[in-house]
>>> print(open('upload-v2.csv').read())   # CSV, C-alpha atoms
chain,number,residue,atom,x,y,z
A,1,MET,CA,9.9,-13.6,5.6
A,2,LYS,CA,7.5,-15.5,3.3
A,3,SER,CA,4.1,-15.1,4.9
A,4,ILE,CA,2.0,-13.7,7.7
A,5,THR,CA,-1.0,-15.4,9.3
A,6,ILE,CA,-3.9,-13.7,11.0
A,7,TYR,CA,-5.8,-15.6,13.7
A,8,SER,CA,-9.3,-14.6,14.3
A,9,GLY,CA,-10.4,-12.1,17.0
A,10,LYS,CA,-13.7,-10.3,17.7
A,11,ASP,CA,-15.7,-7.6,16.1
A,12,LYS,CA,-16.8,-4.4,17.9
A,13,PHE,CA,-19.8,-6.1,19.4
A,14,GLY,CA,-17.7,-8.9,20.8
A,15,ASN,CA,-18.7,-11.5,18.3
A,16,ASN,CA,-16.1,-14.0,17.1
A,17,GLU,CA,-14.8,-13.6,13.5
A,18,ASN,CA,-16.0,-16.5,11.4
A,19,PHE,CA,-12.6,-18.0,10.5
A,20,GLU,CA,-9.8,-19.7,12.4
A,21,SER,CA,-6.8,-18.3,10.5
A,22,ILE,CA,-5.9,-16.7,7.2
A,23,SER,CA,-2.4,-16.6,5.6
A,24,PHE,CA,-1.0,-14.0,3.2
A,25,TYR,CA,2.1,-14.4,1.0
A,26,ARG,CA,4.8,-12.3,-0.5
A,27,GLY,CA,4.5,-11.4,-4.2
A,28,HIS,CA,0.7,-10.9,-3.8
A,29,ILE,CA,-1.7,-7.9,-3.4
A,30,TYR,CA,-4.6,-8.1,-1.0
A,31,SER,CA,-7.3,-5.4,-0.8
A,32,ILE,CA,-9.1,-4.4,2.3
A,33,VAL,CA,-12.6,-3.1,1.8
A,34,GLY,CA,-15.5,-1.9,3.9
A,35,ASN,CA,-17.5,1.1,4.9
A,36,THR,CA,-16.0,4.1,6.7
A,37,GLY,CA,-15.7,3.1,10.4
A,38,SER,CA,-15.9,-0.6,9.6
A,39,GLY,CA,-12.4,-1.4,11.1
A,40,LYS,CA,-10.1,-1.3,8.1
A,41,SER,CA,-7.6,0.9,9.9
A,42,ARG,CA,-7.7,-1.4,13.0
A,43,LEU,CA,-6.8,-4.3,10.8
A,44,ILE,CA,-3.9,-2.4,9.3
A,45,LYS,CA,-2.7,-1.5,12.8
A,46,ASP,CA,-2.9,-5.1,13.9
A,47,ILE,CA,-0.7,-6.2,11.1
A,48,GLU,CA,1.8,-3.4,11.6
A,49,GLN,CA,2.1,-4.1,15.3
A,50,PHE,CA,2.1,-7.9,15.1
A,51,VAL,CA,-0.5,-8.1,17.8
A,52,ASN,CA,-1.0,-11.1,20.1
A,53,ARG,CA,-4.4,-11.0,21.6
A,54,ASP,CA,-3.7,-7.6,23.1
A,55,SER,CA,-5.4,-5.2,20.8
A,56,LEU,CA,-9.1,-4.1,20.6
A,57,SER,CA,-9.7,-6.8,18.0
A,58,ASN,CA,-8.1,-9.6,20.1
A,59,ARG,CA,-6.4,-10.9,16.9
A,60,LYS,CA,-3.1,-12.6,16.7
A,61,VAL,CA,-0.6,-12.0,13.8
A,62,VAL,CA,2.3,-14.3,13.3
A,63,VAL,CA,5.2,-14.2,10.8
A,64,ASP,CA,6.2,-17.5,9.1
A,65,ASN,CA,4.1,-19.3,11.7
A,66,LYS,CA,6.1,-17.8,14.5
A,67,GLU,CA,4.8,-15.5,17.2
A,68,ILE,CA,6.5,-12.2,17.7
A,69,SER,CA,7.3,-11.4,21.4
A,70,ILE,CA,6.2,-8.1,22.8
A,71,ASN,CA,9.8,-7.0,23.2
A,72,ALA,CA,10.6,-7.7,19.6
A,73,ARG,CA,7.6,-6.0,18.0
A,74,ASN,CA,9.1,-2.6,17.4
A,75,LYS,CA,12.1,-4.2,15.8
A,76,TYR,CA,10.0,-6.4,13.6
A,77,SER,CA,7.7,-3.5,12.7
A,78,THR,CA,10.6,-1.4,11.6
A,79,GLN,CA,12.4,-4.1,9.7
A,80,LEU,CA,9.4,-5.8,8.0
A,81,VAL,CA,6.7,-3.1,7.5
A,82,SER,CA,6.5,0.0,5.3
A,83,HIS,CA,3.3,2.0,5.8
A,84,LEU,CA,2.1,4.5,3.1
A,85,SER,CA,-0.7,6.5,4.6
A,86,GLN,CA,-3.1,8.9,2.9
A,87,ASN,CA,-1.5,12.1,4.0
A,88,MET,CA,2.3,11.9,3.8
A,89,ARG,CA,4.6,14.9,4.2
A,90,PHE,CA,8.3,15.3,4.6
A,91,VAL,CA,9.6,17.4,7.5
A,92,LEU,CA,13.3,16.6,6.8
A,93,ASP,CA,15.2,19.7,5.6
A,94,SER,CA,17.0,18.2,2.7
A,95,THR,CA,16.8,17.7,-1.1
A,96,VAL,CA,15.4,14.7,-2.8
A,97,GLU,CA,18.9,13.5,-3.7
A,98,GLN,CA,20.2,13.9,-0.1
A,99,PHE,CA,17.3,12.0,1.3
A,100,LEU,CA,17.7,9.1,-1.1
A,101,LEU,CA,21.4,8.9,-0.5
A,102,ILE,CA,20.9,8.9,3.3
A,103,HIS,CA,18.3,6.1,3.0
A,104,LYS,CA,20.4,4.0,0.7
A,105,GLU,CA,23.3,4.3,3.2
A,106,SER,CA,21.1,3.4,6.1
A,107,LYS,CA,19.7,0.3,4.3
A,108,ASN,CA,23.2,-0.5,3.0
A,109,ASN,CA,21.7,-0.7,-0.5
A,110,THR,CA,24.3,-0.5,-3.3
A,111,SER,CA,22.3,-2.2,-6.0
A,112,VAL,CA,20.3,0.8,-7.1
A,113,SER,CA,21.2,4.3,-8.0
A,114,VAL,CA,19.5,7.5,-6.9
A,115,LYS,CA,18.6,8.2,-10.6
A,116,GLU,CA,16.9,4.8,-10.9
A,117,VAL,CA,14.7,5.6,-7.9
A,118,LEU,CA,13.9,9.0,-9.3
A,119,ASP,CA,13.0,7.6,-12.7
A,120,VAL,CA,10.6,5.1,-11.1
A,121,ALA,CA,9.0,7.9,-9.0
A,122,ASN,CA,8.5,10.0,-12.1
A,123,SER,CA,6.9,7.1,-13.9
A,124,ILE,CA,4.2,7.1,-11.2
A,125,THR,CA,3.4,10.8,-10.9
A,126,ALA,CA,2.4,13.4,-13.6
A,127,GLU,CA,4.4,16.1,-11.7
A,128,PRO,CA,8.1,15.5,-12.4
A,129,ILE,CA,10.4,15.4,-9.4
A,130,ASP,CA,13.8,16.9,-9.5
A,131,LEU,CA,16.8,15.6,-7.5
A,132,HIS,CA,17.6,19.1,-6.3
A,133,GLN,CA,14.0,19.8,-5.2
A,134,GLU,CA,13.4,20.4,-1.5
A,135,LEU,CA,11.5,17.5,0.2
A,136,THR,CA,9.2,19.9,1.9
A,137,SER,CA,8.2,21.5,-1.4
A,138,LEU,CA,6.9,18.2,-2.9
A,139,SER,CA,3.1,17.9,-3.5
A,140,GLY,CA,1.1,15.0,-2.0
A,141,GLY,CA,1.3,13.1,-5.3
A,142,GLN,CA,5.0,13.6,-5.6
A,143,THR,CA,5.6,12.6,-2.0
A,144,ARG,CA,3.6,9.4,-2.5
A,145,ALA,CA,5.3,8.6,-5.8
A,146,LEU,CA,8.8,9.1,-4.2
A,147,MET,CA,7.9,6.9,-1.2
A,148,ILE,CA,6.6,4.1,-3.4
A,149,ALA,CA,9.8,4.1,-5.5
A,150,ASP,CA,11.8,4.2,-2.3
A,151,VAL,CA,9.9,1.3,-0.7
A,152,ALA,CA,10.2,-0.7,-3.9
A,153,LEU,CA,13.9,-0.1,-4.7
A,154,ILE,CA,15.7,0.9,-1.6
A,155,SER,CA,13.8,-0.5,1.4
A,156,ASN,CA,14.0,-4.2,2.0
A,157,ASN,CA,10.9,-4.3,4.1
A,158,PRO,CA,8.8,-7.1,2.7
A,159,ILE,CA,5.3,-5.9,3.9
A,160,VAL,CA,3.7,-2.8,2.5
A,161,LEU,CA,0.5,-1.3,3.9
A,162,ILE,CA,-1.1,1.3,1.6
A,163,ASP,CA,-4.1,3.5,2.5
A,164,GLU,CA,-6.2,4.7,-0.4
A,165,ILE,CA,-3.5,4.7,-3.2
A,166,GLU,CA,-5.9,6.2,-5.7
A,167,ASN,CA,-6.3,9.5,-3.7
A,168,ALA,CA,-2.9,10.9,-4.4
A,169,GLY,CA,-3.2,11.7,-8.1
A,170,ILE,CA,-0.7,9.0,-9.1
A,171,ASN,CA,-0.8,6.1,-11.7
A,172,LYS,CA,-1.7,3.2,-9.4
A,173,ASN,CA,-1.3,0.6,-12.2
A,174,VAL,CA,2.4,1.5,-12.5
A,175,ALA,CA,2.8,1.9,-8.8
A,176,LEU,CA,1.4,-1.5,-7.9
A,177,ASP,CA,3.3,-3.2,-10.7
A,178,ILE,CA,6.5,-1.8,-9.4
A,179,LEU,CA,5.8,-2.9,-5.9
A,180,LEU,CA,4.8,-6.4,-7.1
A,181,LYS,CA,8.1,-6.8,-9.1
A,182,SER,CA,10.0,-6.1,-5.8
A,183,ASP,CA,8.4,-9.2,-4.2
A,184,LYS,CA,6.4,-7.5,-1.5
A,185,LEU,CA,3.4,-8.6,0.4
A,186,ILE,CA,0.9,-5.7,-0.2
A,187,PHE,CA,-2.2,-4.8,1.6
A,188,ILE,CA,-4.3,-1.9,0.1
A,189,VAL,CA,-7.2,-0.2,2.0
A,190,THR,CA,-9.6,1.0,-0.7
A,191,HIS,CA,-13.1,2.1,-1.6
A,192,ASP,CA,-12.4,1.9,-5.3
A,193,PRO,CA,-13.7,-1.2,-7.2
A,194,HIS,CA,-10.9,-1.1,-9.7
A,195,THR,CA,-8.2,-1.1,-7.0
A,196,ALA,CA,-10.1,-3.8,-5.0
A,197,LEU,CA,-10.3,-6.1,-8.0
A,198,ILE,CA,-6.6,-5.8,-8.9
A,199,ALA,CA,-6.0,-8.0,-5.8
A,200,GLU,CA,-6.5,-11.8,-6.2
A,201,GLN,CA,-8.2,-11.7,-2.8
A,202,ARG,CA,-10.1,-9.0,-1.0
A,203,ILE,CA,-10.7,-8.9,2.8
A,204,ILE,CA,-14.2,-7.6,3.7
A,205,VAL,CA,-14.4,-5.8,7.0
A,206,GLN,CA,-17.7,-5.1,8.8
A,207,ASN,CA,-18.5,-4.0,12.3
A,208,GLY,CA,-14.8,-4.0,13.3
A,209,GLY,CA,-14.2,-7.6,12.2
A,210,ILE,CA,-13.2,-9.6,9.1
A,211,SER,CA,-16.5,-10.9,7.8
A,212,LYS,CA,-15.1,-12.8,4.8
A,213,VAL,CA,-12.2,-13.2,2.4
A,214,ILE,CA,-13.2,-13.4,-1.3
A,215,ASN,CA,-11.2,-14.9,-4.1
A,216,LYS,CA,-11.6,-13.0,-7.4
A,217,THR,CA,-14.0,-14.8,-9.7
A,218,LYS,CA,-13.6,-15.3,-13.5
A,219,GLU,CA,-16.4,-12.8,-14.0
A,220,GLU,CA,-14.6,-10.2,-11.9
A,221,LYS,CA,-11.4,-10.8,-13.8
A,222,ALA,CA,-13.2,-10.1,-17.1
A,223,PHE,CA,-14.9,-7.0,-15.6
A,224,LEU,CA,-11.5,-5.7,-14.3
A,225,ASN,CA,-10.5,-5.1,-17.9
A,226,LYS,CA,-13.5,-2.8,-18.3
A,227,LEU,CA,-12.7,-1.0,-15.1
A,228,LYS,CA,-9.1,-0.5,-16.2
A,229,GLU,CA,-10.3,1.1,-19.5
A,230,ILE,CA,-12.4,3.5,-17.4
A,231,TYR,CA,-9.4,4.2,-15.2
A,232,ASP,CA,-7.1,4.8,-18.1
A,233,PHE,CA,-9.7,7.1,-19.7
A,234,GLN,CA,-9.9,9.1,-16.4
A,235,LEU,CA,-6.2,9.5,-16.4
A,236,TYR,CA,-6.2,10.7,-19.9
A,237,CYS,CA,-8.9,13.3,-19.2
A,238,ALA,CA,-7.1,14.4,-16.0
A,239,THR,CA,-3.9,14.9,-18.0
A,240,LYS,CA,-5.7,17.1,-20.5
A,241,LEU,CA,-7.3,19.1,-17.7
A,242,ARG,CA,-4.0,19.8,-16.1
A,243,LYS,CA,-2.7,21.1,-19.4
A,244,GLY,CA,-5.6,23.5,-19.7
A,245,ASP,CA,-7.2,21.7,-22.6
A,246,ILE,CA,-10.9,21.8,-23.3
A,247,ILE,CA,-12.4,18.3,-22.9
A,248,ASN,CA,-15.5,16.6,-24.2
A,249,GLU,CA,-17.0,13.1,-23.9
A,250,ASN,CA,-14.1,11.7,-25.8
A,251,CYS,CA,-11.6,13.9,-23.9
>>> encode(input="upload-v2.csv", output="structure tokens")
Amino acid sequence: MKSITIYSGKDKFGNNENFESISFYRGHIYSIVGNTGSGKSRLIKDIEQFVNRDSLSNRKVVVDNKEISINARNKYSTQLVSHLSQNMRFVLDSTVEQFLLIHKESKNNTSVSVKEVLDVANSITAEPIDLHQELTSLSGGQTRALMIADVALISNNPIVLIDEIENAGINKNVALDILLKSDKLIFIVTHDPHTALIAEQRIIVQNGGISKVINKTKEEKAFLNKLKEIYDFQLYCATKLRKGDIINENC
């Protein structure tokens, strides 16, 4: 899979979206922004389900310019899409190591070791994960970090849908860099300006429809560096807080 294309549908008032089609490509990040209730989750569901004029939005989503038949949708969704939601918890009664070994075997992946996956996960979260730790004991941040590492290194699903990556207490810069290096097509739902501007394009959703797609401007690229400095400073302060240190305006 190289790309997906979204053909326009309707917003919640029945008005046509003001575009014919938009294509998105592997190896790129696209942010999805809009107010709460604006239709961001609907757009994510449309992509995940490869809809064909049969969802509330009346959109059509095709893969490499080919329509997905209704009988093949579950198969394509399983094989092509990884969805990292805001609230992720494991219910499997196993250790981290057992889970990674099972997933490696199910994906027939022999190119990466369990230790490599764990090292990547621990580069994303401030809370170290141990191979012998029970999955059900992992925190929200640890769970998200492990799943990002798993999606990047073990899973061969080319489309990644992420809901509010900044809410899990992980280093999103490292996480997104790892996912990009694995040649994924990444959609991120976000309210955070730093996350939104990391993407080269951002999809604006209003009243249940896509209102526009904006290419990042030169001014925004320059401003992104300032936002990154602020984000790195917040991470630094958060690390000191977790250690029980007293902080000041310089942290």
>>> residues_around(input="upload-v2.csv", residues="Asn122 in chain A", least_positions_apart="5", cutoff="9 Å", atoms="only C-alpha atoms", output="ChimeraX atom specification")
/A:117,127-129,142,145-146,149
>>> residues_around(input="upload-v2.csv", residues="Ala152 in chain A", least_positions_apart="2", cutoff="8 Å", atoms="only C-alpha atoms", output="PyMOL selection string")
chain A and resi 148-150+154-156+178-179+182
>>> residues_around(input="upload-v2.csv", residues="Val51 in chain A", least_positions_apart="2", cutoff="10 Å", atoms="only C-alpha atoms", output="ChimeraX atom specification")
/A:6,45-49,53-62,67-70,73
>>> closest_residue(input="upload-v2.csv", among="A:Asn207, A:Thr217, A:Glu249, A:Pro193", to="Lys12 in chain A", atoms="only C-alpha atoms")
A:Asn207
>>> closest_residue(input="upload-v2.csv", among="A:Ile188, A:Thr110, A:Ala126, A:Leu100", to="Lys240 in chain A", atoms="only C-alpha atoms")
A:Ala126
>>> closest_residue(input="upload-v2.csv", among="A:Asn16, A:Gln234, A:Asn35, A:Asn171", to="Asn250 in chain A", atoms="only C-alpha atoms")
A:Gln234
>>> residues_around(input="upload-v2.csv", residues="Val81 in chain A", least_positions_apart="2", cutoff="8 Å", atoms="all atoms listed in the file", output="list of chain:residue names")
A:Glu48, A:Tyr76, A:Ser77, A:Thr78, A:Gln79, A:His83, A:Asn157, A:Pro158, A:Ile159, A:Val160, A:Leu161
>>> residues_near_point(input="upload-v2.csv", point="(-12.3, 11.9, -21.4)", cutoff="10 Å", atoms="all atoms listed in the file", output="count of residues only")
16
>>> closest_residue(input="upload-v2.csv", among="A:Ser38, A:Lys218, A:Ser123, A:His132", to="Lys172 in chain A", atoms="all atoms listed in the file")
A:Ser123
>>> atom_distance(input="upload-v2.csv", atom1="CA of His194 in chain A", atom2="CA of Leu227 in chain A")
5.7 Å
>>> residues_around(input="upload-v2.csv", residues="Gly39 in chain A", least_positions_apart="3", cutoff="12 Å", atoms="all atoms listed in the file", output="list in words")
Lys10, Asp11, Lys12, Ile32, Val33, Gly34, Asn35, Thr36, Arg42, Leu43, Ile44, Lys45, Asp46, Leu56, Ser57, Val189, Ile203, Ile204, Val205, Gln206, Asn207, Gly208, Gly209, Ile210 and Ser211 of chain A
>>> write_last_selection(input="upload-v2.csv", atoms="C-alpha atoms", output="mmCIF file, keeping the file's coordinate frame")
data_model
loop_
_atom_site.group_PDB
_atom_site.id
_atom_site.type_symbol
_atom_site.label_atom_id
_atom_site.label_comp_id
_atom_site.auth_asym_id
_atom_site.auth_seq_id
_atom_site.Cartn_x
_atom_site.Cartn_y
_atom_site.Cartn_z
ATOM 1 C CA LYS A 10 -13.700 -10.300 17.700
ATOM 2 C CA ASP A 11 -15.700 -7.600 16.100
ATOM 3 C CA LYS A 12 -16.800 -4.400 17.900
ATOM 4 C CA ILE A 32 -9.100 -4.400 2.300
ATOM 5 C CA VAL A 33 -12.600 -3.100 1.800
ATOM 6 C CA GLY A 34 -15.500 -1.900 3.900
ATOM 7 C CA ASN A 35 -17.500 1.100 4.900
ATOM 8 C CA THR A 36 -16.000 4.100 6.700
ATOM 9 C CA ARG A 42 -7.700 -1.400 13.000
ATOM 10 C CA LEU A 43 -6.800 -4.300 10.800
ATOM 11 C CA ILE A 44 -3.900 -2.400 9.300
ATOM 12 C CA LYS A 45 -2.700 -1.500 12.800
ATOM 13 C CA ASP A 46 -2.900 -5.100 13.900
ATOM 14 C CA LEU A 56 -9.100 -4.100 20.600
ATOM 15 C CA SER A 57 -9.700 -6.800 18.000
ATOM 16 C CA VAL A 189 -7.200 -0.200 2.000
ATOM 17 C CA ILE A 203 -10.700 -8.900 2.800
ATOM 18 C CA ILE A 204 -14.200 -7.600 3.700
ATOM 19 C CA VAL A 205 -14.400 -5.800 7.000
ATOM 20 C CA GLN A 206 -17.700 -5.100 8.800
ATOM 21 C CA ASN A 207 -18.500 -4.000 12.300
ATOM 22 C CA GLY A 208 -14.800 -4.000 13.300
ATOM 23 C CA GLY A 209 -14.200 -7.600 12.200
ATOM 24 C CA ILE A 210 -13.200 -9.600 9.100
ATOM 25 C CA SER A 211 -16.500 -10.900 7.800
#
>>> atom_distance(input="upload-v2.csv", atom1="CA of Gln201 in chain A", atom2="CA of Lys40 in chain A")
15.2 Å
>>> closest_residue(input="upload-v2.csv", among="A:Ser23, A:Ala121, A:Tyr30, A:Gln98", to="Leu135 in chain A", atoms="all atoms listed in the file")
A:Gln98
>>> decode(input="upload-v2.csv", residues="range 123-154 of chain A", atoms="N, CA and C atoms", output="PDB file, in the first residue's frame")
ATOM      1  N   SER A 123      12.541   4.137  25.348  1.00  0.00           N
ATOM      2  CA  SER A 123      13.024   5.446  24.902  1.00  0.00           C
ATOM      3  C   SER A 123      11.883   6.440  24.768  1.00  0.00           C
ATOM      4  N   ILE A 124      10.642   5.934  24.799  1.00  0.00           N
ATOM      5  CA  ILE A 124       9.463   6.778  24.648  1.00  0.00           C
ATOM      6  C   ILE A 124       8.870   7.170  25.995  1.00  0.00           C
ATOM      7  N   THR A 125       8.903   6.247  26.959  1.00  0.00           N
ATOM      8  CA  THR A 125       8.285   6.496  28.257  1.00  0.00           C
ATOM      9  C   THR A 125       9.331   6.729  29.338  1.00  0.00           C
ATOM     10  N   ALA A 126       8.963   7.558  30.313  1.00  0.00           N
ATOM     11  CA  ALA A 126       9.867   7.835  31.438  1.00  0.00           C
ATOM     12  C   ALA A 126       9.804   6.732  32.483  1.00  0.00           C
ATOM     13  N   GLU A 127       8.790   5.872  32.389  1.00  0.00           N
ATOM     14  CA  GLU A 127       8.651   4.762  33.326  1.00  0.00           C
ATOM     15  C   GLU A 127       9.193   3.495  32.669  1.00  0.00           C
ATOM     16  N   PRO A 128      10.348   2.991  33.092  1.00  0.00           N
ATOM     17  CA  PRO A 128      10.939   1.817  32.443  1.00  0.00           C
ATOM     18  C   PRO A 128      10.014   0.599  32.482  1.00  0.00           C
ATOM     19  N   ILE A 129       9.972  -0.116  31.373  1.00  0.00           N
ATOM     20  CA  ILE A 129       9.192  -1.355  31.260  1.00  0.00           C
ATOM     21  C   ILE A 129      10.143  -2.529  31.346  1.00  0.00           C
ATOM     22  N   ASP A 130       9.752  -3.553  32.081  1.00  0.00           N
ATOM     23  CA  ASP A 130      10.566  -4.761  32.233  1.00  0.00           C
ATOM     24  C   ASP A 130       9.927  -5.902  31.461  1.00  0.00           C
ATOM     25  N   LEU A 131      10.746  -6.746  30.850  1.00  0.00           N
ATOM     26  CA  LEU A 131      10.226  -7.870  30.065  1.00  0.00           C
ATOM     27  C   LEU A 131       9.354  -8.809  30.900  1.00  0.00           C
ATOM     28  N   HIS A 132       9.655  -8.918  32.183  1.00  0.00           N
ATOM     29  CA  HIS A 132       8.922  -9.852  33.040  1.00  0.00           C
ATOM     30  C   HIS A 132       7.723  -9.208  33.729  1.00  0.00           C
ATOM     31  N   GLN A 133       7.457  -7.956  33.394  1.00  0.00           N
ATOM     32  CA  GLN A 133       6.315  -7.250  33.970  1.00  0.00           C
ATOM     33  C   GLN A 133       5.015  -7.768  33.365  1.00  0.00           C
ATOM     34  N   GLU A 134       3.974  -7.884  34.205  1.00  0.00           N
ATOM     35  CA  GLU A 134       2.673  -8.309  33.710  1.00  0.00           C
ATOM     36  C   GLU A 134       2.050  -7.199  32.868  1.00  0.00           C
ATOM     37  N   LEU A 135       1.466  -7.565  31.741  1.00  0.00           N
ATOM     38  CA  LEU A 135       0.849  -6.568  30.867  1.00  0.00           C
ATOM     39  C   LEU A 135      -0.199  -5.731  31.601  1.00  0.00           C
ATOM     40  N   THR A 136      -0.990  -6.418  32.443  1.00  0.00           N
ATOM     41  CA  THR A 136      -2.086  -5.735  33.120  1.00  0.00           C
ATOM     42  C   THR A 136      -1.603  -4.749  34.181  1.00  0.00           C
ATOM     43  N   SER A 137      -0.314  -4.797  34.530  1.00  0.00           N
ATOM     44  CA  SER A 137       0.219  -3.880  35.536  1.00  0.00           C
ATOM     45  C   SER A 137       0.810  -2.613  34.926  1.00  0.00           C
ATOM     46  N   LEU A 138       0.863  -2.554  33.594  1.00  0.00           N
ATOM     47  CA  LEU A 138       1.455  -1.391  32.926  1.00  0.00           C
ATOM     48  C   LEU A 138       0.571  -0.155  33.092  1.00  0.00           C
ATOM     49  N   SER A 139       1.199   0.992  33.247  1.00  0.00           N
ATOM     50  CA  SER A 139       0.455   2.252  33.310  1.00  0.00           C
ATOM     51  C   SER A 139      -0.016   2.638  31.907  1.00  0.00           C
ATOM     52  N   GLY A 140      -0.814   3.707  31.830  1.00  0.00           N
ATOM     53  CA  GLY A 140      -1.279   4.172  30.528  1.00  0.00           C
ATOM     54  C   GLY A 140      -0.136   4.582  29.626  1.00  0.00           C
ATOM     55  N   GLY A 141       0.851   5.295  30.180  1.00  0.00           N
ATOM     56  CA  GLY A 141       2.000   5.721  29.389  1.00  0.00           C
ATOM     57  C   GLY A 141       2.858   4.556  28.937  1.00  0.00           C
ATOM     58  N   GLN A 142       3.065   3.598  29.832  1.00  0.00           N
ATOM     59  CA  GLN A 142       3.844   2.409  29.473  1.00  0.00           C
ATOM     60  C   GLN A 142       3.134   1.609  28.386  1.00  0.00           C
ATOM     61  N   THR A 143       1.823   1.476  28.520  1.00  0.00           N
ATOM     62  CA  THR A 143       1.039   0.732  27.525  1.00  0.00           C
ATOM     63  C   THR A 143       1.143   1.387  26.159  1.00  0.00           C
ATOM     64  N   ARG A 144       0.975   2.718  26.128  1.00  0.00           N
ATOM     65  CA  ARG A 144       1.043   3.434  24.850  1.00  0.00           C
ATOM     66  C   ARG A 144       2.442   3.312  24.241  1.00  0.00           C
ATOM     67  N   ALA A 145       3.482   3.430  25.067  1.00  0.00           N
ATOM     68  CA  ALA A 145       4.856   3.330  24.574  1.00  0.00           C
ATOM     69  C   ALA A 145       5.133   1.939  24.001  1.00  0.00           C
ATOM     70  N   LEU A 146       4.663   0.907  24.703  1.00  0.00           N
ATOM     71  CA  LEU A 146       4.881  -0.464  24.223  1.00  0.00           C
ATOM     72  C   LEU A 146       4.150  -0.694  22.911  1.00  0.00           C
ATOM     73  N   MET A 147       2.931  -0.174  22.789  1.00  0.00           N
ATOM     74  CA  MET A 147       2.170  -0.378  21.562  1.00  0.00           C
ATOM     75  C   MET A 147       2.776   0.399  20.391  1.00  0.00           C
ATOM     76  N   ILE A 148       3.309   1.581  20.651  1.00  0.00           N
ATOM     77  CA  ILE A 148       3.962   2.340  19.577  1.00  0.00           C
ATOM     78  C   ILE A 148       5.182   1.585  19.074  1.00  0.00           C
ATOM     79  N   ALA A 149       5.991   1.055  20.003  1.00  0.00           N
ATOM     80  CA  ALA A 149       7.165   0.274  19.615  1.00  0.00           C
ATOM     81  C   ALA A 149       6.751  -0.983  18.855  1.00  0.00           C
ATOM     82  N   ASP A 150       5.682  -1.604  19.308  1.00  0.00           N
ATOM     83  CA  ASP A 150       5.171  -2.820  18.663  1.00  0.00           C
ATOM     84  C   ASP A 150       4.690  -2.509  17.244  1.00  0.00           C
ATOM     85  N   VAL A 151       3.918  -1.427  17.107  1.00  0.00           N
ATOM     86  CA  VAL A 151       3.394  -1.035  15.792  1.00  0.00           C
ATOM     87  C   VAL A 151       4.536  -0.698  14.836  1.00  0.00           C
ATOM     88  N   ALA A 152       5.564  -0.020  15.339  1.00  0.00           N
ATOM     89  CA  ALA A 152       6.670   0.412  14.483  1.00  0.00           C
ATOM     90  C   ALA A 152       7.577  -0.731  14.066  1.00  0.00           C
ATOM     91  N   LEU A 153       7.833  -1.682  14.967  1.00  0.00           N
ATOM     92  CA  LEU A 153       8.863  -2.689  14.721  1.00  0.00           C
ATOM     93  C   LEU A 153       8.336  -4.088  14.403  1.00  0.00           C
ATOM     94  N   ILE A 154       7.182  -4.443  14.953  1.00  0.00           N
ATOM     95  CA  ILE A 154       6.664  -5.803  14.730  1.00  0.00           C
ATOM     96  C   ILE A 154       5.546  -5.817  13.697  1.00  0.00           C
TER      97      ILE A 154
END
